[in-house]
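Student: Input file: final11.tsv. Contents: TSV, C-alpha atoms.
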chain	number	residue	atom	x	y	z
A	1	MET	CA	0.00	0.00	0.00
A	2	LEU	CA	2.84	2.39	0.78
A	3	ASP	CA	4.59	2.21	-2.58
A	4	PRO	CA	7.10	5.12	-2.41
A	5	LYS	CA	7.06	5.45	-6.19
A	6	PHE	CA	3.44	6.63	-6.24
A	7	VAL	CA	3.08	10.41	-6.27
A	8	SER	CA	-0.39	11.86	-6.71
A	9	VAL	CA	-0.97	14.50	-9.41
A	10	LYS	CA	-3.85	16.78	-10.31
A	11	THR	CA	-5.94	15.26	-13.07
A	12	GLN	CA	-8.90	16.02	-15.28
A	13	VAL	CA	-12.32	14.43	-14.86
A	14	PRO	CA	-12.00	11.26	-16.99
A	15	GLY	CA	-15.71	10.55	-17.21
A	16	ARG	CA	-18.68	9.95	-14.97
A	17	LEU	CA	-17.68	9.59	-11.31
A	18	ARG	CA	-19.57	7.97	-8.46
A	19	GLY	CA	-18.85	8.35	-4.75
A	20	LEU	CA	-17.11	5.28	-3.37
A	21	ALA	CA	-18.60	5.51	0.12
A	22	ASP	CA	-22.18	5.37	-1.16
A	23	ILE	CA	-21.78	3.04	-4.13
A	24	ASN	CA	-23.52	0.19	-2.26
A	25	GLU	CA	-24.44	-0.95	1.24
A	26	GLU	CA	-21.16	-2.85	1.72
A	27	ALA	CA	-19.12	0.28	0.99
A	28	ARG	CA	-21.32	2.33	3.30
A	29	ALA	CA	-20.81	-0.15	6.10
A	30	ALA	CA	-17.05	-0.21	5.51
A	31	PHE	CA	-16.80	3.57	5.70
A	32	GLY	CA	-19.16	3.84	8.69
A	33	ASN	CA	-22.33	5.73	9.36
A	34	ALA	CA	-23.26	8.95	7.59
A	35	LEU	CA	-20.59	11.67	8.04
A	36	GLU	CA	-18.10	9.00	9.08
A	37	ASP	CA	-14.98	7.92	7.19
A	38	SER	CA	-13.15	4.96	8.68
A	39	VAL	CA	-10.29	5.29	6.16
A	40	LEU	CA	-9.69	8.94	6.96
A	41	GLU	CA	-9.92	8.25	10.69
A	42	ARG	CA	-7.00	5.82	10.61
A	43	THR	CA	-4.68	8.44	9.05
A	44	PRO	CA	-3.09	11.58	10.52
A	45	LEU	CA	-5.27	13.62	8.13
A	46	SER	CA	-8.27	13.12	10.38
A	47	LYS	CA	-6.91	16.10	12.34
A	48	VAL	CA	-6.04	18.30	9.37
A	49	GLU	CA	-6.84	22.00	9.71
A	50	THR	CA	-8.83	23.59	6.90
A	51	SER	CA	-6.46	26.53	6.41
A	52	MET	CA	-3.40	24.26	6.24
A	53	LEU	CA	-5.14	21.88	3.83
A	54	PHE	CA	-6.04	24.75	1.51
A	55	THR	CA	-2.51	26.18	1.70
A	56	TYR	CA	-0.85	22.84	0.97
A	57	MET	CA	-3.14	21.94	-1.92
A	58	HIS	CA	-2.62	25.32	-3.57
A	59	ARG	CA	1.16	25.19	-3.12
A	60	ARG	CA	1.52	21.63	-4.43
A	61	PHE	CA	-1.24	21.39	-7.04
A	62	GLY	CA	-1.94	25.01	-8.01
A	63	LEU	CA	-5.46	26.27	-8.62
A	64	GLY	CA	-8.34	23.87	-8.08
A	65	ASN	CA	-9.79	22.35	-11.23
A	66	ILE	CA	-13.23	21.14	-10.07
A	67	ALA	CA	-16.05	23.65	-9.87
A	68	GLY	CA	-17.74	24.07	-6.52
A	69	ASP	CA	-20.58	25.95	-4.87
A	70	ASP	CA	-19.63	29.58	-4.28
A	71	TYR	CA	-21.67	29.59	-1.03
A	72	LYS	CA	-20.89	26.17	0.40
A	73	ASP	CA	-17.25	25.79	-0.71
A	74	LEU	CA	-14.13	27.85	-0.04
A	75	GLY	CA	-13.28	27.59	-3.72
A	76	SER	CA	-12.86	25.07	-6.47
A	77	GLY	CA	-11.63	21.61	-5.51
A	78	TRP	CA	-8.72	19.46	-6.61
A	79	LEU	CA	-9.24	16.12	-8.34
A	80	ILE	CA	-6.06	14.09	-7.82
A	81	SER	CA	-4.94	10.65	-8.90
A	82	THR	CA	-4.70	7.51	-6.76
A	83	PRO	CA	-2.69	4.28	-7.27
A	84	ARG	CA	-5.70	2.94	-9.20
A	85	ASP	CA	-6.67	4.34	-12.59
A	86	ASP	CA	-10.37	3.83	-11.79
A	87	LEU	CA	-10.33	5.77	-8.49
A	88	PHE	CA	-9.88	9.49	-7.89
A	89	LEU	CA	-9.86	11.74	-4.85
A	90	LEU	CA	-11.61	15.09	-4.69
A	91	VAL	CA	-10.09	17.42	-2.10
A	92	ASN	CA	-12.30	20.36	-1.23
A	93	PRO	CA	-11.22	22.02	2.06
A	94	SER	CA	-14.21	22.73	4.30
A	95	PHE	CA	-14.65	24.32	7.69
A	96	SER	CA	-17.34	21.71	8.26
A	97	GLY	CA	-14.48	19.33	9.02
A	98	PRO	CA	-12.09	16.81	7.41
A	99	HIS	CA	-14.94	14.40	6.58
A	100	PHE	CA	-16.37	17.03	4.23
A	101	SER	CA	-12.97	17.75	2.66
A	102	PHE	CA	-12.10	14.36	1.12
A	103	THR	CA	-14.30	12.37	-1.25
A	104	PRO	CA	-13.07	9.28	-3.17
A	105	TYR	CA	-14.78	8.69	-6.51
A	106	VAL	CA	-14.98	5.59	-8.71
A	107	LEU	CA	-14.86	5.95	-12.49
A	108	ASP	CA	-18.05	4.69	-14.08
A	109	LYS	CA	-16.65	3.87	-17.50
A	110	ASP	CA	-19.78	2.35	-18.98
A	111	ARG	CA	-22.41	4.46	-17.16
A	112	SER	CA	-24.05	1.30	-15.91
A	113	LEU	CA	-25.24	-0.13	-12.63
A	114	ASP	CA	-22.50	-2.76	-12.66
A	115	LEU	CA	-20.45	-0.86	-10.08
A	116	HIS	CA	-23.16	-1.44	-7.50
A	117	ASP	CA	-22.56	-5.16	-7.78
A	118	SER	CA	-18.86	-5.25	-8.65
A	119	VAL	CA	-17.31	-2.91	-6.06
A	120	ARG	CA	-17.38	-5.42	-3.23
A	121	GLY	CA	-15.03	-7.72	-1.42
A	122	GLU	CA	-11.40	-7.54	-2.57
A	123	LEU	CA	-12.10	-4.79	-5.12
A	124	LEU	CA	-13.70	-2.57	-2.48
A	125	GLU	CA	-10.81	-3.26	-0.12
A	126	SER	CA	-8.29	-2.40	-2.87
A	127	MET	CA	-10.05	0.87	-3.59
A	128	MET	CA	-10.15	1.80	0.09
A	129	ASP	CA	-6.42	1.04	0.34
A	130	ALA	CA	-5.77	3.25	-2.69
A	131	TYR	CA	-7.82	6.02	-1.06
A	132	GLU	CA	-5.76	5.74	2.13
A	133	ARG	CA	-2.50	5.73	0.16
A	134	THR	CA	-3.54	8.94	-1.58
A	135	LEU	CA	-4.41	10.62	1.71
A	136	LEU	CA	-0.99	9.67	3.07
A	137	ASP	CA	0.65	11.05	-0.06
A	138	LEU	CA	-0.41	14.49	1.15
A	139	LEU	CA	2.20	14.07	3.90
A	140	ARG	CA	4.88	14.57	1.25
A	141	PRO	CA	6.49	17.95	1.95
A	142	VAL	CA	6.63	20.87	-0.44
A	143	CYS	CA	8.73	23.96	0.14
A	144	GLN	CA	8.07	27.63	0.63
A	145	ARG	CA	11.39	29.41	0.63
A	146	ASP	CA	13.42	27.63	3.37
A	147	HIS	CA	10.42	25.95	4.96
A	148	ASP	CA	9.22	22.41	4.22
A	149	PHE	CA	5.60	21.68	5.06
A	150	ASN	CA	2.92	19.12	4.36
A	151	VAL	CA	-0.83	19.02	4.80
A	152	LEU	CA	-0.43	19.02	8.60
A	153	GLY	CA	1.92	22.02	8.74
A	154	GLU	CA	5.64	22.71	8.91
A	155	ILE	CA	7.89	19.67	9.10
A	156	ASP	CA	9.59	18.99	12.42
A	157	GLU	CA	11.31	15.97	13.96
A	158	GLU	CA	8.70	15.32	16.65
A	159	ASP	CA	5.05	16.01	15.86
A	160	ASN	CA	5.14	16.17	12.05
A	161	CYS	CA	8.12	14.33	10.64
A	162	THR	CA	8.30	13.23	7.02
A	163	PRO	CA	7.42	9.52	6.49
A	164	GLU	CA	10.43	7.50	5.39
A	165	TRP	CA	8.74	6.54	2.13
A	166	ALA	CA	8.04	10.21	1.34
A	167	GLY	CA	11.51	11.53	2.14
A	168	GLU	CA	14.32	12.92	0.07
A	169	GLY	CA	16.28	11.05	-2.54
A	170	GLU	CA	19.87	9.92	-2.22
A	171	ASP	CA	22.34	12.49	-0.90
A	172	ASP	CA	19.41	14.67	0.20
A	173	ASP	CA	18.87	15.80	-3.38
A	174	ARG	CA	15.13	16.13	-2.74
A	175	GLU	CA	14.27	14.34	-5.97
A	176	ASP	CA	11.35	12.55	-4.31
A	177	LEU	CA	9.74	15.76	-3.07
A	178	PRO	CA	7.01	17.32	-5.22
A	179	ARG	CA	7.90	20.77	-6.48
A	180	TYR	CA	5.59	23.68	-5.79
A	181	HIS	CA	3.13	24.28	-8.60
A	182	PRO	CA	4.28	26.62	-11.41
A	183	THR	CA	1.19	28.82	-10.95
A	184	CYS	CA	2.43	29.85	-7.48
A	185	GLY	CA	3.44	33.49	-7.65
A	186	THR	CA	1.43	34.06	-10.83
A	187	PRO	CA	-1.00	36.98	-10.41
A	188	MET	CA	-4.63	36.40	-11.32
A	189	PRO	CA	-6.21	39.65	-12.62
A	190	ASP	CA	-9.53	40.69	-11.11
A	191	GLY	CA	-12.44	40.02	-13.41
A	192	LEU	CA	-10.79	37.15	-15.27
A	193	PHE	CA	-12.58	34.33	-13.45
A	194	GLY	CA	-16.29	33.94	-12.87
A	195	GLY	CA	-19.26	35.43	-14.67
A	196	LYS	CA	-20.63	34.91	-18.15
A	197	ASP	CA	-17.51	36.15	-19.95
A	198	TRP	CA	-15.37	33.51	-18.23
A	199	GLN	CA	-17.78	30.76	-19.22
A	200	ARG	CA	-17.88	32.05	-22.80
A	201	LEU	CA	-14.08	32.12	-22.93
A	202	LEU	CA	-13.91	28.52	-21.77
A	203	GLY	CA	-16.45	27.60	-24.43
A	204	ILE	CA	-14.40	29.29	-27.14
A	205	LEU	CA	-11.18	27.64	-25.96
A	206	ARG	CA	-12.90	24.26	-25.83
A	207	LEU	CA	-14.04	24.72	-29.43
A	208	GLN	CA	-10.62	25.98	-30.56
A	209	GLY	CA	-9.00	22.91	-29.03
A	210	ASP	CA	-11.55	20.38	-30.24
A	211	GLY	CA	-12.64	19.73	-26.67
A	212	ASP	CA	-9.19	20.29	-25.11
A	213	ILE	CA	-9.08	23.70	-23.36
A	214	PRO	CA	-5.25	23.94	-22.96
A	215	ASN	CA	-4.84	23.03	-26.64
A	216	GLY	CA	-7.50	25.61	-27.53
A	217	LEU	CA	-5.54	28.23	-25.59
A	218	ARG	CA	-2.36	27.37	-27.51
A	219	ASN	CA	-4.26	27.63	-30.80
A	220	MET	CA	-5.72	31.00	-29.86
A	221	ILE	CA	-2.30	32.31	-28.85
A	222	ALA	CA	-0.84	31.06	-32.14
A	223	GLN	CA	-3.51	32.97	-34.06
A	224	ALA	CA	-2.90	36.13	-32.04
A	225	GLU	CA	0.86	35.73	-32.50
A	226	GLU	CA	0.51	35.46	-36.26
A	227	ALA	CA	-1.62	38.62	-36.35
A	228	ALA	CA	0.93	40.46	-34.18
A	229	MET	CA	3.84	39.25	-36.35
A	230	HIS	CA	1.99	40.53	-39.40
A	231	SER	CA	2.02	43.99	-37.79
A	232	VAL	CA	5.71	43.60	-36.95
A	233	ARG	CA	6.65	42.63	-40.51
A	234	ASN	CA	4.79	45.68	-41.84
A	235	ALA	CA	6.48	48.08	-39.43
A	236	ASP	CA	9.31	50.48	-40.36
A	237	ARG	CA	12.40	48.35	-40.92
A	238	GLU	CA	14.39	50.76	-38.73
A	239	LEU	CA	12.44	49.30	-35.80
A	240	PHE	CA	13.31	45.67	-36.54
A	241	PRO	CA	16.48	45.57	-34.36
A	242	ILE	CA	14.62	47.08	-31.40
A	243	ILE	CA	11.70	44.67	-31.83
A	244	ALA	CA	14.02	41.67	-32.20
A	245	ALA	CA	15.96	42.70	-29.11
A	246	GLY	CA	12.72	43.05	-27.15
A	247	MET	CA	11.61	39.58	-28.18
A	248	ARG	CA	14.93	38.06	-27.14
A	249	LEU	CA	14.90	39.92	-23.83
A	250	ALA	CA	11.42	38.51	-23.13
A	251	ASP	CA	11.92	34.88	-24.19
A	252	TYR	CA	15.13	33.96	-26.00
A	253	GLU	CA	14.22	30.40	-27.09
A	254	TRP	CA	10.83	31.45	-28.43
A	255	ALA	CA	12.34	34.50	-30.17
A	256	GLU	CA	14.90	32.37	-32.01
A	257	LYS	CA	12.04	30.39	-33.57
A	258	VAL	CA	10.16	33.51	-34.69
A	259	LEU	CA	12.88	35.97	-35.67
A	260	PRO	CA	14.10	34.30	-38.89
A	261	SER	CA	10.94	35.62	-40.58
A	262	LEU	CA	12.31	39.17	-40.18
A	263	GLY	CA	15.41	38.40	-42.25
A	264	LEU	CA	17.82	40.53	-40.20
A	265	ASP	CA	21.22	41.21	-41.79
A	266	ASP	CA	24.56	41.36	-39.93
A	267	SER	CA	24.37	45.10	-39.23
A	268	GLU	CA	20.87	44.74	-37.84
A	269	GLN	CA	21.97	41.79	-35.70
A	270	ALA	CA	24.73	44.01	-34.25
A	271	ARG	CA	22.09	46.60	-33.34
A	272	VAL	CA	19.98	43.90	-31.71
A	273	ASN	CA	22.93	42.87	-29.54
A	274	GLU	CA	23.68	46.47	-28.60
A	275	PHE	CA	20.08	47.14	-27.56
A	276	ILE	CA	20.12	43.99	-25.41
A	277	GLN	CA	23.34	45.17	-23.73
A	278	ILE	CA	21.77	48.56	-23.08
A	279	GLY	CA	18.87	46.78	-21.38
A	280	TYR	CA	21.14	45.56	-18.59
A	281	GLY	CA	22.88	47.51	-15.83
A	282	ASN	CA	22.78	51.25	-16.36
A	283	GLY	CA	23.33	50.96	-20.11
A	284	LEU	CA	26.63	52.85	-19.98
A	285	MET	CA	29.19	50.04	-19.84
A	286	ASN	CA	30.19	50.52	-23.47
A	287	THR	CA	30.36	53.54	-25.73
A	288	PRO	CA	27.02	53.77	-27.58
A	289	SER	CA	27.07	53.53	-31.35
A	290	ALA	CA	25.89	56.34	-33.59
A	291	TRP	CA	22.68	54.34	-34.10
A	292	ALA	CA	21.95	54.13	-30.37
A	293	LEU	CA	22.64	57.83	-29.94
A	294	THR	CA	20.05	58.73	-32.58
A	295	LEU	CA	17.24	56.46	-31.34
A	296	THR	CA	14.14	58.38	-30.34
A	297	GLU	CA	11.75	57.62	-27.53
A	298	GLU	CA	8.93	57.36	-30.09
A	299	GLN	CA	10.80	54.64	-32.00
A	300	VAL	CA	11.31	52.60	-28.83
A	301	ARG	CA	7.72	53.20	-27.68
A	302	THR	CA	6.37	52.01	-31.01
A	303	SER	CA	8.55	48.89	-30.82
A	304	ILE	CA	7.38	48.20	-27.28
A	305	ARG	CA	3.74	48.33	-28.40
A	306	LEU	CA	4.45	45.88	-31.22
A	307	VAL	CA	6.27	43.45	-28.92
A	308	ALA	CA	3.51	43.76	-26.32
A	309	GLY	CA	1.09	42.62	-29.03
A	310	LEU	CA	2.89	39.26	-28.95
A	311	GLY	CA	1.85	38.82	-25.33
A	312	VAL	CA	5.35	38.84	-23.84
A	313	SER	CA	6.97	41.03	-21.19
A	314	THR	CA	8.40	44.39	-22.26
A	315	PHE	CA	10.00	45.17	-18.90
A	316	GLN	CA	13.58	44.97	-20.22
A	317	MET	CA	12.64	47.13	-23.21
A	318	GLU	CA	11.31	49.80	-20.86
A	319	LYS	CA	14.55	49.60	-18.92
A	320	ALA	CA	16.59	49.81	-22.13
A	321	MET	CA	14.69	52.92	-23.21
A	322	LYS	CA	15.50	54.56	-19.89
A	323	ASN	CA	19.16	53.59	-20.27
A	324	ILE	CA	19.27	54.90	-23.84
A	325	VAL	CA	18.04	58.29	-22.68
A	326	ARG	CA	20.75	58.31	-20.03
A	327	ALA	CA	23.43	57.12	-22.46
A	328	GLN	CA	22.52	59.85	-24.93
A	329	LEU	CA	22.50	62.47	-22.18
A	330	PHE	CA	25.87	61.30	-20.84
A	331	THR	CA	27.43	61.44	-24.31
A	332	ARG	CA	26.22	65.02	-24.80
A	333	GLU	CA	27.27	66.11	-21.31
A	334	TRP	CA	30.70	64.50	-21.56
A	335	GLU	CA	31.35	66.51	-24.72
A	336	ARG	CA	29.93	69.61	-23.05
A	337	PHE	CA	32.18	69.11	-20.02
A	338	GLY	CA	35.19	68.90	-22.34
A	339	VAL	CA	34.25	72.23	-23.87
A	340	LEU	CA	33.63	73.90	-20.48
A	341	CYS	CA	37.01	72.82	-19.08
A	342	GLY	CA	38.86	73.58	-22.31
A	343	GLY	CA	40.09	70.02	-22.60
A	344	GLU	CA	42.00	70.24	-19.33
A	345	PHE	CA	40.78	69.48	-15.83
A	346	GLU	CA	42.63	69.21	-12.54
A	347	LEU	CA	41.91	65.69	-11.29
A	348	ASP	CA	42.65	66.73	-7.71
A	349	HIS	CA	39.07	68.00	-7.65
A	350	ILE	CA	37.94	64.34	-7.71
A	351	PRO	CA	37.69	62.92	-4.14
A	352	ASP	CA	40.01	60.04	-3.25
A	353	ASP	CA	37.26	57.50	-2.55
A	354	MET	CA	37.78	53.74	-2.85
A	355	PHE	CA	35.23	53.71	-5.71
A	356	PRO	CA	32.89	56.33	-7.17
A	357	THR	CA	29.63	56.81	-5.27
A	358	GLU	CA	27.04	59.54	-4.77
A	359	THR	CA	29.35	60.89	-2.07
A	360	THR	CA	32.08	61.21	-4.69
A	361	VAL	CA	29.75	63.29	-6.87
A	362	GLU	CA	28.83	65.56	-3.95
A	363	GLY	CA	32.52	66.04	-3.17
A	364	PHE	CA	33.17	66.91	-6.83
A	365	ARG	CA	30.42	69.55	-6.78
A	366	ARG	CA	31.82	71.13	-3.60
A	367	ASN	CA	35.39	71.09	-4.87
A	368	VAL	CA	34.72	72.76	-8.23
A	369	ALA	CA	32.58	75.42	-6.52
A	370	ALA	CA	35.30	76.10	-3.92
A	371	ALA	CA	37.93	76.31	-6.68
A	372	GLY	CA	35.97	79.06	-8.42
A	373	LEU	CA	35.21	76.95	-11.51
A	374	VAL	CA	31.91	78.77	-11.97
A	375	THR	CA	30.82	77.37	-15.33
A	376	ILE	CA	31.57	73.78	-14.33
A	377	ALA	CA	29.88	74.26	-10.95
A	378	GLU	CA	26.75	75.67	-12.63
A	379	TRP	CA	26.81	72.82	-15.14
A	380	ALA	CA	27.01	70.24	-12.32
A	381	GLU	CA	24.15	71.88	-10.41
A	382	GLU	CA	22.02	71.91	-13.55
A	383	LEU	CA	22.54	68.18	-14.08
A	384	ALA	CA	21.92	67.40	-10.41
A	385	SER	CA	18.42	68.89	-10.66
A	386	THR	CA	16.97	65.90	-12.58
A	387	GLU	CA	17.10	62.12	-12.13
A	388	ASN	CA	18.68	61.42	-15.53
A	389	GLY	CA	20.98	64.38	-15.06
A	390	ARG	CA	22.25	62.96	-11.77
A	391	ALA	CA	22.92	59.62	-13.48
A	392	ALA	CA	24.86	61.39	-16.26
A	393	LEU	CA	26.82	63.49	-13.75
A	394	TRP	CA	27.73	60.37	-11.76
A	395	THR	CA	29.00	58.73	-14.96
A	396	VAL	CA	31.11	61.78	-15.84
A	397	VAL	CA	32.62	61.83	-12.37
A	398	ALA	CA	33.19	58.06	-12.52
A	399	GLN	CA	35.09	58.49	-15.80
A	400	LEU	CA	37.28	61.18	-14.23
A	401	TRP	CA	37.80	59.04	-11.12
A	402	ASN	CA	38.92	56.10	-13.29
A	403	ARG	CA	41.33	58.35	-15.17
A	404	LYS	CA	42.75	59.67	-11.89
A	405	LYS	CA	43.27	56.17	-10.51
A	406	SER	CA	44.92	55.02	-13.76
A	407	ILE	CA	47.40	57.88	-13.60
A	408	GLU	CA	48.16	57.13	-9.95
A	409	GLU	CA	48.81	53.47	-10.79
A	410	GLU	CA	51.09	54.42	-13.68
A	411	GLU	CA	53.07	56.73	-11.39
A	412	LYS	CA	53.46	53.95	-8.82
A	413	GLU	CA	54.78	51.54	-11.43
A	414	ALA	CA	57.13	54.09	-13.00
A	415	PRO	CA	60.81	53.53	-12.03
A	416	SER	CA	62.24	56.01	-9.55
A	417	PRO	CA	64.66	58.58	-11.07
Written as structure tokens, that's how I'd like the structure from this file.

Tutor:
Amino acid sequence: MLDPKFVSVKTQVPGRLRGLADINEEARAAFGNALEDSVLERTPLSKVETSMLFTYMHRRFGLGNIAGDDYKDLGSGWLISTPRDDLFLLVNPSFSGPHFSFTPYVLDKDRSLDLHDSVRGELLESMMDAYERTLLDLLRPVCQRDHDFNVLGEIDEEDNCTPEWAGEGEDDDREDLPRYHPTCGTPMPDGLFGGKDWQRLLGILRLQGDGDIPNGLRNMIAQAEEAAMHSVRNADRELFPIIAAGMRLADYEWAEKVLPSLGLDDSEQARVNEFIQIGYGNGLMNTPSAWALTLTEEQVRTSIRLVAGLGVSTFQMEKAMKNIVRAQLFTREWERFGVLCGGEFELDHIPDDMFPTETTVEGFRRNVAAAGLVTIAEWAEELASTENGRAALWTVVAQLWNRKKSIEEEEKEAPSP
């Protein structure tokens, strides 16, 4: 009964289901009187708390997949597999108690009355054992950050230890532990679920997928993607490198399957790579190309809208646009600084900090003002008045700091006269 290889998973309704406990008088007697469950009672889950059961099921199995009553139930339930392919367990946490939270169901493959006569004796006993094994499978821990917990709560060595058959794999590699469900951490927008629109959407997806909703969703996304790519291919070719970079920043593997249709040449590929680099850090690690310095906010905004039409994240594109603005401003202000100082600047005005920080910039502003370098001091104050200006000023000061440190290192290494 305690086969360690069995791990329950969430499953779809395979057909008509009938409650095991009420399938005939023998089953009813085996389970006990109404509102009794002899199988549940002989497991630790007879004392499960509703809140912990709901938390565990959501963490391990994700959103429930069986519709419930919005008044009687906390939410939708979870239909999970058992060691038998003709038995399933519905878990629907209820404050009415554990007996209301677990319901084993038998698959009625032929929609006949045969189950009434056949689920008896050894078959009934086997199904009850499979039900118990599935209940015990909920003692397998899942993790939340550094905490392992099961349906009874956080794992400890005394009151709620992990059963040996549900423990970790060899070398504590945790291979035997179920991972938390991929939907955990995924936001669910208000208004998406429930109501007539939700039911209509499910109907459309079911039709699109020939009865398979996930397949219908993939088909609908493929149609939307093709429509969005049509818009991309008809956009100004100057935007292609920005769009391609945005697609790669969002999902590299997917982008590599889609991008060949744009037919980018080597120079455009170089621009794609540069835009991706600009999307990381502060965008000022390398000297921007002439192309990057001439990009406009409208060009990037238009590209972002086109990429967003593909249903992927544009967060890195937004960040790249911000970095491009800063890179362009720094380039202009570095040239302007060179003009203001006449090509010469006393590096002693740069503070001797271990590395350039905001404190270094403040020291620079004080030093040039104290030295009577009026035009440079006014220029620094002008930049310090805006967020992008402060970023550009920091980068200018960092460049001067690097130059100062390089000179100091060269002087140290120079042979003494």

Student: Quick one: distance from atom CA of Asn24 of chain A to atom CA of Val119 of chain A in Å, one decimal?

Tutor: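 Between atom CA of Asn24 of chain A and atom CA of Val119 of chain A the gap works out to 7.9 Å.
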
Student: One decimal, in Å: what's the spacing between atom CA of Met52 of chain A and atom CA of Val151 of chain A?

Tutor: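 That distance, rounded to one decimal, is 6.0 Å.
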
Student: Show me as a ChimeraX atom specification the residues that reach within 9 Å of (23.6, 63.1, -29.3), counting all atoms listed in the file and using the file's own coordinates.

Tutor: /A:290,293-294,328-332

Student: For the residues in that selection, give me C-alpha atoms as a short mmCIF file (atom, residue, chain, number, x, y, z; two decimals), in the coordinates of the input.

Tutor:
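Just written: part-v7.cif:
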data_model
loop_
_atom_site.label_atom_id
_atom_site.label_comp_id
_atom_site.auth_asym_id
_atom_site.auth_seq_id
_atom_site.Cartn_x
_atom_site.Cartn_y
_atom_site.Cartn_z
CA ALA A 290 25.89 56.34 -33.59
CA LEU A 293 22.64 57.83 -29.94
CA THR A 294 20.05 58.73 -32.58
CA GLN A 328 22.52 59.85 -24.93
CA LEU A 329 22.50 62.47 -22.18
CA PHE A 330 25.87 61.30 -20.84
CA THR A 331 27.43 61.44 -24.31
CA ARG A 332 26.22 65.02 -24.80
#

Student: What is the atom CA of Trp401 of chain A-atom CA of Asn388 of chain A distance in Å, reported with one decimal?

Tutor: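 Atom-to-atom, atom CA of Trp401 of chain A and atom CA of Asn388 of chain A are spaced 19.8 Å apart.
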
Student: Can you list, as a ChimeraX atom specification, every protein, DNA or RNA residue that comes within 12 Å of Ala30 of chain A when you count only C-alpha atoms, leaving out same-chain residues fewer than 3 positions away?

Tutor: /A:20-27,33-34,36-40,119-121,124-125,127-129

Student: With a distance cut-off of 8 Å and all atoms listed in the file, select the neighbouring residues of segment 315-317 of chain A, excluding the residue or stretch itself and same-chain residues fewer than 4 positions from it, and output the selection as a list in words.

Tutor: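 My list of contacting residues is Gly246, Leu249, Ala250, Gly279, Tyr280, Val300, Ile304 and Met321 of chain A.
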
Student: Using all atoms listed in the file - which residues lie no farther than 10 Å from the point (-4.8, 22.9, 3.5) in the file's frame? Write them as a ChimeraX atom specification.

Tutor: /A:48-59,91-94,101,138,150-153

Student: Write out as a ChimeraX atom specification which residues come within 12 Å of Asp236 of chain A when counting all atoms listed in the file, dropping same-chain ones fewer than 4 positions away.

Tutor: /A:231-232,240-243,262,299-300,302-303,306

Student: Would you save the residues of that selection, restricted to C-alpha atoms, as an mmCIF file, in the coordinates of the input?

Tutor:
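Saved the output as part_30.cif:
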data_model
loop_
_atom_site.group_PDB
_atom_site.id
_atom_site.type_symbol
_atom_site.label_atom_id
_atom_site.label_comp_id
_atom_site.auth_asym_id
_atom_site.auth_seq_id
_atom_site.Cartn_x
_atom_site.Cartn_y
_atom_site.Cartn_z
ATOM 1 C CA SER A 231 2.020 43.990 -37.790
ATOM 2 C CA VAL A 232 5.710 43.600 -36.950
ATOM 3 C CA PHE A 240 13.310 45.670 -36.540
ATOM 4 C CA PRO A 241 16.480 45.570 -34.360
ATOM 5 C CA ILE A 242 14.620 47.080 -31.400
ATOM 6 C CA ILE A 243 11.700 44.670 -31.830
ATOM 7 C CA LEU A 262 12.310 39.170 -40.180
ATOM 8 C CA GLN A 299 10.800 54.640 -32.000
ATOM 9 C CA VAL A 300 11.310 52.600 -28.830
ATOM 10 C CA THR A 302 6.370 52.010 -31.010
ATOM 11 C CA SER A 303 8.550 48.890 -30.820
ATOM 12 C CA LEU A 306 4.450 45.880 -31.220
#

Student: So, with only C-alpha atoms as the atoms that count, which of A:Gly342, A:Lys257, A:Gly263, A:Leu217 lies closest to Arg233 of chain A?

Tutor: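 So, comparing all the options, the nearest one is A:Gly263.
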
Student: Have a look at A:Lys109, A:Ala392, A:Arg336, A:Trp78 and name the one nearest to Glu358 of chain A; count all atoms listed in the file.

Tutor: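 Selected residue with least distance to Glu358 of chain A: A:Ala392.
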
Student: Measuring atom to atom with only C-alpha atoms, identify which of A:Asp210, A:Glu362, A:Glu318, A:Glu409 is nearest to Arg301 of chain A.

Tutor: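 Closest to Arg301 of chain A, using only C-alpha atoms: A:Glu318.
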
Student: Excluding same-chain residues fewer than 4 positions from Pro351 of chain A, what lies within 12 Å of it counting all atoms listed in the file, as a list in words?

Tutor: Glu346, Leu347, Phe355, Pro356, Thr357, Glu358, Thr359, Thr360, Val361, Glu362, Gly363, Phe364, Arg365, Arg366, Asn367, Val368, Val397, Ala398, Leu400, Trp401, Asn402, Lys404 and Lys405 of chain A

Student: So which one's closest to Asn323 of chain A, A:Gly68, A:Gly311, A:Pro288, A:Gly343? Using all atoms listed in the file, please.

Tutor: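 Ranked by minimum distance to Asn323 of chain A, first place goes to A:Pro288.
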
Student: Could you name the residues that touch Ala270 of chain A at 12 Å or less, counting only C-alpha atoms, but leaving out those on the same chain fewer than 4 positions away, as a list in words?

Tutor: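 In the requested format, the answer is Phe240, Pro241, Ile242, Ala244, Ala245, Leu264, Asp265, Asp266, Glu274, Phe275, Ile276, Gln277, Ser289, Trp291 and Ala292 of chain A.
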
Student: I need the residue nearest Leu139 of chain A from this list: A:Ile80, A:Gly75, A:Thr287, A:Thr43. Use all atoms listed in the file for the distance.

Tutor: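 Distance minimum relative to Leu139 of chain A lands on A:Thr43.
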